[in-house]
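Just below is one structure, and these are the notes that go with it.
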Amino acid sequence: MNWQNNLFKILKKEDIKIFSYVPDAGHKILIDNAIKDTTITAIPLTSEEEGIGIAAGSHLGGLKAVLLMQSSGVGNCINQLSLINHGQFPFLTIVTMRGEFGEGNPWQYAMGQAVVPSLNSIGINCLKIDNEYDVESTVKAALTMVFKSERSVAVLLSQKLIGAKAF
């Protein structure tokens with residue numbers, strides 16, 4: 001999973017100081033790196049929607065933040081996500097996808113298939129990564145869109161990239 005360490009380095013180089021997350025095996029390396037790094041504040045969440053407020057507060061305080069969540073977490077916080085456009089603050093989330101390639105858990109399909117249309121309908125651009133070779137260019141594009149153009153972007157890490165969980 002060298003691409004995950006590279007992803008962490010890209011985010012750190014962009015000066016992302018706040019990593020909020022709900023524990024997720026797909027984000028384990030990112031989360032572990034954030035916790036170990038003394039220059040980063042890693043914030044475990046009880047619900048993904050808490051990360052929206054943290055991202056807004058970080059922006060108001062002059063810091064950059066990222067919210068790490070699984071595709072099912074998008075469904076948990078869709079109302080909060082819809083407020084980003086009205087609040088007009090930049091927002092970056094990295095979403096590990098479920099309900100796709102090789103998924104064995106039938107309960108993951110509904111939200112996995114609803115992520116892109118749901119996020120697009122509330123003004124969040126989705127950039128999907130299917131292979132490790134696209135991680136760097138896609139994440140750098142997302143960082144430009146979010147922190148230079150002040151847009152909202154969800155980077156979607158597909159199950160082809162992270163691997164399907166055994167079920």
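Convention: chains lettered A, B, ... in structure tokens order; per-chain residue numbering from 1; ligands numbered from 1 as shown.
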Env of Gln4 of chain A: 9 Å cut, atoms = only C-alpha atoms, seq-sep filter 4 positions within chain, self excluded. Answer as a PDB file with N, CA, C and O atoms, in the first residue's frame.
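Okay, result.pdb is ready:
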ATOM      1  N   PHE A   8      -0.513  10.355   1.810  1.00  0.00           N
ATOM      2  CA  PHE A   8      -0.281  11.109   3.042  1.00  0.00           C
ATOM      3  C   PHE A   8       0.756  12.209   2.821  1.00  0.00           C
ATOM      4  O   PHE A   8       0.563  13.348   3.250  1.00  0.00           O
ATOM      5  N   LYS A   9       1.838  11.892   2.136  1.00  0.00           N
ATOM      6  CA  LYS A   9       2.894  12.881   1.871  1.00  0.00           C
ATOM      7  C   LYS A   9       2.369  14.045   1.034  1.00  0.00           C
ATOM      8  O   LYS A   9       2.722  15.200   1.275  1.00  0.00           O
ATOM      9  N   HIS A  27      -8.794   3.432   5.172  1.00  0.00           N
ATOM     10  CA  HIS A  27      -8.011   4.637   5.504  1.00  0.00           C
ATOM     11  C   HIS A  27      -6.964   4.370   6.587  1.00  0.00           C
ATOM     12  O   HIS A  27      -6.344   5.300   7.085  1.00  0.00           O
ATOM     13  N   ILE A  29      -3.886   3.327   6.899  1.00  0.00           N
ATOM     14  CA  ILE A  29      -2.532   3.866   6.767  1.00  0.00           C
ATOM     15  C   ILE A  29      -2.549   5.396   6.876  1.00  0.00           C
ATOM     16  O   ILE A  29      -1.708   5.982   7.560  1.00  0.00           O
ATOM     17  N   LEU A  30      -3.506   6.040   6.211  1.00  0.00           N
ATOM     18  CA  LEU A  30      -3.623   7.508   6.327  1.00  0.00           C
ATOM     19  C   LEU A  30      -3.864   7.919   7.773  1.00  0.00           C
ATOM     20  O   LEU A  30      -3.235   8.848   8.281  1.00  0.00           O
ATOM     21  N   GLU A 132      -3.448   2.896  -8.568  1.00  0.00           N
ATOM     22  CA  GLU A 132      -2.453   3.644  -7.800  1.00  0.00           C
ATOM     23  C   GLU A 132      -1.698   4.674  -8.641  1.00  0.00           C
ATOM     24  O   GLU A 132      -1.199   5.649  -8.105  1.00  0.00           O
ATOM     25  N   VAL A 135      -3.277   8.184  -8.311  1.00  0.00           N
ATOM     26  CA  VAL A 135      -3.441   8.777  -6.982  1.00  0.00           C
ATOM     27  C   VAL A 135      -2.829  10.176  -6.935  1.00  0.00           C
ATOM     28  O   VAL A 135      -3.501  11.144  -6.570  1.00  0.00           O
TER      29      VAL A 135
END
12 Å contact set for Ser82 of chain A, only C-alpha atoms, chain neighbours under 6 positions out, as an NGL selection string: :A and (49 or 52 or 74-75 or 88-89 or 91 or 118-124 or 152)
Residue with smallest distance to Thr93 of chain A - pool A:Asp130, A:Glu48, A:Glu136, A:Asp24, counting only C-alpha atoms: A:Glu48
Atom pair atom CA of Glu100 of chain A / atom CA of Gln113 of chain A: separation (Å):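 Atom CA of Glu100 of chain A sits 7.8 Å away from atom CA of Gln113 of chain A.
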All residues 7 Å or closer to Lys128 of chain A, only C-alpha atoms, same chain fewer than 6 positions away omitted, as JSON, numbers by chain: {"A": [155, 156, 157, 158]}
DSSP helix (DSSP H, G or I) residues within segment 53-166 of chain A, as a count of residues only: 60
Non-local contacts of segment 62-67 of chain A (9 Å; only C-alpha atoms; under 6 positions in same chain excluded) as a PyMOL selection string: chain A and resi 11+14-22+48+51-52+54-56+90-95+147
Go ahead and save the picked residues with C-alpha atoms, as an mmCIF file, in the first residue's frame.
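Written out: selection-v1.cif:
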data_model
loop_
_atom_site.group_PDB
_atom_site.id
_atom_site.type_symbol
_atom_site.label_atom_id
_atom_site.label_comp_id
_atom_site.auth_asym_id
_atom_site.auth_seq_id
_atom_site.Cartn_x
_atom_site.Cartn_y
_atom_site.Cartn_z
ATOM 1 C CA LEU A 11 -1.635 15.976 1.802
ATOM 2 C CA GLU A 14 -0.199 20.797 0.884
ATOM 3 C CA ASP A 15 -0.157 21.734 4.585
ATOM 4 C CA ILE A 16 -3.282 19.825 5.581
ATOM 5 C CA LYS A 17 -3.191 20.162 9.381
ATOM 6 C CA ILE A 18 -6.495 18.564 10.400
ATOM 7 C CA PHE A 19 -7.411 14.964 9.582
ATOM 8 C CA SER A 20 -10.857 14.009 10.862
ATOM 9 C CA TYR A 21 -12.051 10.446 10.459
ATOM 10 C CA VAL A 22 -14.304 7.616 11.478
ATOM 11 C CA GLU A 48 -18.895 11.647 9.786
ATOM 12 C CA GLY A 51 -16.116 16.398 10.183
ATOM 13 C CA ILE A 52 -18.079 18.957 8.143
ATOM 14 C CA ILE A 54 -14.430 20.703 11.740
ATOM 15 C CA ALA A 55 -13.600 21.504 8.105
ATOM 16 C CA ALA A 56 -15.612 24.751 8.256
ATOM 17 C CA PRO A 90 -13.566 24.864 0.618
ATOM 18 C CA PHE A 91 -14.044 21.214 1.483
ATOM 19 C CA LEU A 92 -11.988 18.089 0.829
ATOM 20 C CA THR A 93 -13.066 14.572 1.644
ATOM 21 C CA ILE A 94 -11.462 11.283 0.736
ATOM 22 C CA VAL A 95 -13.995 8.483 0.514
ATOM 23 C CA PHE A 147 -7.747 25.246 -1.776
#
Selected residue of minimal separation from Asp37 of chain A among A:Ser149, A:Lys12, A:Leu81, A:Ile129, counting only C-alpha atoms: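 Comparing A:Ser149, A:Lys12, A:Leu81, A:Ile129 against Asp37 of chain A, the winner is A:Lys12.
Among the candidate residues A:Ser71, A:Thr38, A:Asn85, A:Thr144, the one lying nearest to Trp107 of chain A is A:Ser71, with distances computed using only C-alpha atoms.
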Non-local contacts of Glu103 of chain A (9 Å; only C-alpha atoms; under 6 positions in same chain excluded) as a ChimeraX atom specification: /A:109,159,164-167
Strand (DSSP E or B) per DSSP on the backbone: members of segment 12-97 of chain A, as a count of residues only: 23
From A:Lys148, A:Gly73, A:Lys28, A:Lys36, residue lying nearest Glu50 of chain A [only C-alpha atoms]: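 Checking each of A:Lys148, A:Gly73, A:Lys28, A:Lys36 against Glu50 of chain A, counting only C-alpha atoms, the winner is A:Gly73.
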Point-to-point distance from atom CA of Ile43 of chain A to atom CA of Gly57 of chain A, Å rounded to tenths: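 Pair atom CA of Ile43 of chain A / atom CA of Gly57 of chain A returns 13.3 Å.
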